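Colleague: One structure coming up, written as structure tokens, with questions to follow.
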Amino acid sequence: RGSAGEPVVELPARLSVSQLVELRRDPVRLARSLRRPLPRRPAPLARRGTRFHLWLEQLWGQQRLLDVDQLPGSADGTAEPDDDLVTLQEAFRASEWWTRAPAEVELPFDMVVDGVLLRGRCDAVFTDSPDGVVDVVDWKTGRPPTGDEAAAAAVQLAVYRLAWHHVTGTPLARVRAAFHYVAANRTVRPADLLDLEAL
């Protein structure tokens, strides 16, 4: 315990990008989850996001080892059609990304930052921009955050941008990163993403 009586939790040698975002958002909650990992509650919105990501992977010719329809309970013949998924698909068809072709989809990466191994997966990377800048994009099916929540979320984009630079050697100035909020058809490109030192 620290001097104030609060538990001291050391960061592990490996973190997921989600954990790094949580560290920025709520260090105490991350510390608690590291000390005592608990199963997460089922999240219907997470399933919607998973189905949307799978649809994009199929659209762009990617294959997964396990499809969401192969999960237990997926053969339920009484299940209702996923109206949310159809709405997201229609919104995506109206977006700037519909006519572009990604160079990479679901790109896994490992990157060491200050002695900590970060692991993550970039949703999509586009190298077809007329200005020659690479776009690393993360698809979001929820609402755009604001304030501190938006600043915490931007940590994810900072890591993805640095990961593409790390994997390919592309100069960092030639890589930008964005969230695309599908339902709102809104692409957010934060201008002040953290660099390696700040991260």
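Starting from 1 in every chain, residues are counted up; chains themselves are A, B, ... following the order of the structure tokens, and ligands are numbered from 1 as listed.
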Do a neighbour search on range 127-144 of chain A at 7 Å with only C-alpha atoms, toss out local chain neighbours closer than 5 positions, and write the hits as a PyMOL selection string.
Modeller: chain A and resi 49+103+122+160-161+174-183
Colleague: Could you give me, as a PyMOL selection string, the residues within 8 Å of Arg100 in chain A, counting only C-alpha atoms and dropping anything in the same chain fewer than 3 positions from it?
Modeller: chain A and resi 96-97+126+128
Colleague: Determine, counting only C-alpha atoms, which protein, DNA and RNA residues have an atom within 9 Å of an atom of Val113 in chain A; residues of the same chain fewer than 2 positions away are not included. Present the result as a PyMOL selection string.
Modeller: chain A and resi 111+115-118+196-197+199
Colleague: Per DSSP on the backbone, what are the alpha helix (DSSP H) residues of range 82-167 of chain A, as a ChimeraX atom specification?
Modeller: /A:83-93,147-167
Colleague: Could you write out that same residue set with N, CA and C atoms as a CSV table (one decimal), in the first residue's frame?
Modeller:
chain,number,residue,atom,x,y,z
A,83,ASP,N,-31.8,-4.9,-37.0
A,83,ASP,CA,-32.1,-3.7,-37.6
A,83,ASP,C,-31.0,-2.6,-37.5
A,84,ASP,N,-30.3,-2.7,-36.3
A,84,ASP,CA,-29.2,-1.7,-36.1
A,84,ASP,C,-28.1,-2.0,-37.1
A,85,LEU,N,-27.8,-3.3,-37.4
A,85,LEU,CA,-26.8,-3.6,-38.3
A,85,LEU,C,-27.1,-3.1,-39.7
A,86,VAL,N,-28.3,-3.2,-40.1
A,86,VAL,CA,-28.8,-2.8,-41.4
A,86,VAL,C,-28.6,-1.2,-41.5
A,87,THR,N,-29.0,-0.6,-40.4
A,87,THR,CA,-28.9,0.9,-40.4
A,87,THR,C,-27.4,1.3,-40.5
A,88,LEU,N,-26.5,0.6,-39.8
A,88,LEU,CA,-25.1,0.9,-39.9
A,88,LEU,C,-24.6,0.7,-41.3
A,89,GLN,N,-25.0,-0.4,-41.9
A,89,GLN,CA,-24.5,-0.7,-43.3
A,89,GLN,C,-25.0,0.4,-44.2
A,90,GLU,N,-26.2,0.9,-44.1
A,90,GLU,CA,-26.7,1.9,-45.0
A,90,GLU,C,-25.9,3.2,-44.7
A,91,ALA,N,-25.6,3.5,-43.5
A,91,ALA,CA,-24.9,4.8,-43.1
A,91,ALA,C,-23.5,4.7,-43.7
A,92,PHE,N,-22.8,3.5,-43.6
A,92,PHE,CA,-21.5,3.3,-44.1
A,92,PHE,C,-21.4,3.5,-45.6
A,93,ARG,N,-22.5,3.0,-46.3
A,93,ARG,CA,-22.5,3.2,-47.8
A,93,ARG,C,-22.6,4.7,-48.2
A,147,GLY,N,-15.2,15.9,-24.5
A,147,GLY,CA,-14.4,16.3,-23.3
A,147,GLY,C,-13.3,15.3,-23.0
A,148,ASP,N,-13.2,14.9,-21.7
A,148,ASP,CA,-12.1,14.0,-21.2
A,148,ASP,C,-12.3,12.6,-21.9
A,149,GLU,N,-13.5,12.2,-22.2
A,149,GLU,CA,-13.7,10.9,-22.8
A,149,GLU,C,-13.1,10.9,-24.2
A,150,ALA,N,-13.2,12.0,-25.0
A,150,ALA,CA,-12.6,12.1,-26.3
A,150,ALA,C,-11.1,12.1,-26.2
A,151,ALA,N,-10.6,12.8,-25.2
A,151,ALA,CA,-9.1,12.8,-25.0
A,151,ALA,C,-8.6,11.4,-24.7
A,152,ALA,N,-9.3,10.7,-23.9
A,152,ALA,CA,-8.9,9.3,-23.6
A,152,ALA,C,-8.9,8.4,-24.9
A,153,ALA,N,-10.0,8.6,-25.6
A,153,ALA,CA,-10.2,7.8,-26.8
A,153,ALA,C,-9.1,8.0,-27.8
A,154,ALA,N,-8.6,9.3,-27.9
A,154,ALA,CA,-7.5,9.7,-28.8
A,154,ALA,C,-6.2,8.9,-28.6
A,155,VAL,N,-6.0,8.4,-27.4
A,155,VAL,CA,-4.8,7.6,-27.1
A,155,VAL,C,-4.8,6.4,-28.0
A,156,GLN,N,-6.0,5.8,-28.3
A,156,GLN,CA,-6.0,4.7,-29.2
A,156,GLN,C,-5.5,5.0,-30.6
A,157,LEU,N,-5.9,6.2,-31.1
A,157,LEU,CA,-5.5,6.6,-32.4
A,157,LEU,C,-4.0,6.9,-32.4
A,158,ALA,N,-3.5,7.5,-31.3
A,158,ALA,CA,-2.1,7.8,-31.3
A,158,ALA,C,-1.3,6.5,-31.4
A,159,VAL,N,-1.7,5.4,-30.7
A,159,VAL,CA,-1.0,4.2,-30.8
A,159,VAL,C,-1.1,3.6,-32.2
A,160,TYR,N,-2.3,3.6,-32.8
A,160,TYR,CA,-2.4,3.1,-34.1
A,160,TYR,C,-1.6,3.8,-35.2
A,161,ARG,N,-1.5,5.1,-35.0
A,161,ARG,CA,-0.6,5.9,-35.9
A,161,ARG,C,0.8,5.5,-35.8
A,162,LEU,N,1.3,5.4,-34.5
A,162,LEU,CA,2.6,5.0,-34.3
A,162,LEU,C,2.9,3.6,-34.7
A,163,ALA,N,1.9,2.7,-34.6
A,163,ALA,CA,2.1,1.3,-35.0
A,163,ALA,C,2.3,1.2,-36.5
A,164,TRP,N,1.6,2.0,-37.3
A,164,TRP,CA,1.8,1.9,-38.7
A,164,TRP,C,3.2,2.4,-39.1
A,165,HIS,N,3.6,3.5,-38.4
A,165,HIS,CA,4.9,4.1,-38.6
A,165,HIS,C,6.0,3.0,-38.2
A,166,HIS,N,5.8,2.3,-37.1
A,166,HIS,CA,6.7,1.3,-36.6
A,166,HIS,C,6.8,0.1,-37.6
A,167,VAL,N,5.6,-0.4,-38.0
A,167,VAL,CA,5.5,-1.6,-38.9
A,167,VAL,C,6.1,-1.3,-40.3
Colleague: Name the residues in contact with Leu34 in chain A at a cut-off of 10 Å, using only C-alpha atoms, excluding same-chain residues fewer than 3 positions from it; report them as a list of chain:residue names.
Modeller: A:Val9, A:Glu10, A:Leu11, A:Pro12, A:Gln19, A:Val28, A:Arg29, A:Leu30, A:Ala31, A:Pro37, A:Leu38
Colleague: May I have the residues from that selection written out with C-alpha atoms, as a PDB file, in the first residue's frame?
Modeller:
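part.pdb, written as the output of this step:
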ATOM      1  CA  VAL A   9      -0.466  -1.631  -8.696  1.00  0.00           C
ATOM      2  CA  GLU A  10       2.437  -1.967 -11.086  1.00  0.00           C
ATOM      3  CA  LEU A  11       1.698  -1.997 -14.777  1.00  0.00           C
ATOM      4  CA  PRO A  12       2.313  -5.381 -16.348  1.00  0.00           C
ATOM      5  CA  GLN A  19      -6.019  -1.019 -21.279  1.00  0.00           C
ATOM      6  CA  VAL A  28      -8.016   3.581 -10.539  1.00  0.00           C
ATOM      7  CA  ARG A  29     -10.447   1.370 -12.456  1.00  0.00           C
ATOM      8  CA  LEU A  30      -7.590  -0.081 -14.502  1.00  0.00           C
ATOM      9  CA  ALA A  31      -5.636  -0.778 -11.301  1.00  0.00           C
ATOM     10  CA  PRO A  37      -9.783  -9.374 -13.158  1.00  0.00           C
ATOM     11  CA  LEU A  38     -13.508 -10.018 -13.404  1.00  0.00           C
TER      12      LEU A  38
END
Colleague: Check the smallest atom-to-atom distance from each of A:Arg186, A:Val105, A:Arg47, A:Arg119 to Ser18 in chain A using only C-alpha atoms, then report the winner.
Modeller: A:Arg119
Colleague: Between CA of Ala94 in chain A and CA of Asn185 in chain A, what distance in Å does the model show, to one decimal?
Modeller: 7.5 Å
Colleague: Figure out the distance between CA of Leu20 in chain A and CA of Val8 in chain A, please, to one decimal in Å.
Modeller: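 Between CA of Val8 in chain A and CA of Leu20 in chain A the gap works out to 17.2 Å.
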Colleague: Using only C-alpha atoms, find the one residue out of A:Arg32, A:His53, A:Arg189, A:Arg121 that sits nearest to Pro108 in chain A.
Modeller: A:Arg121
Colleague: Do you have the CA of Glu57 in chain A-CA of Thr187 in chain A distance handy?
Modeller: 19.4 Å
Colleague: I need the strand (DSSP E) residues of range 120-162 of chain A per DSSP on the backbone, written as a ChimeraX atom specification.
Modeller: /A:120-126,134-140
Colleague: Identify which of the residues A:Ala173, A:Arg51, A:Val112, A:Thr99 lies closest to Val17 in chain A, counting only C-alpha atoms when measuring atom-to-atom distances.
Modeller: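 Among A:Ala173, A:Arg51, A:Val112, A:Thr99, it is A:Val112 that comes nearest to Val17 in chain A.
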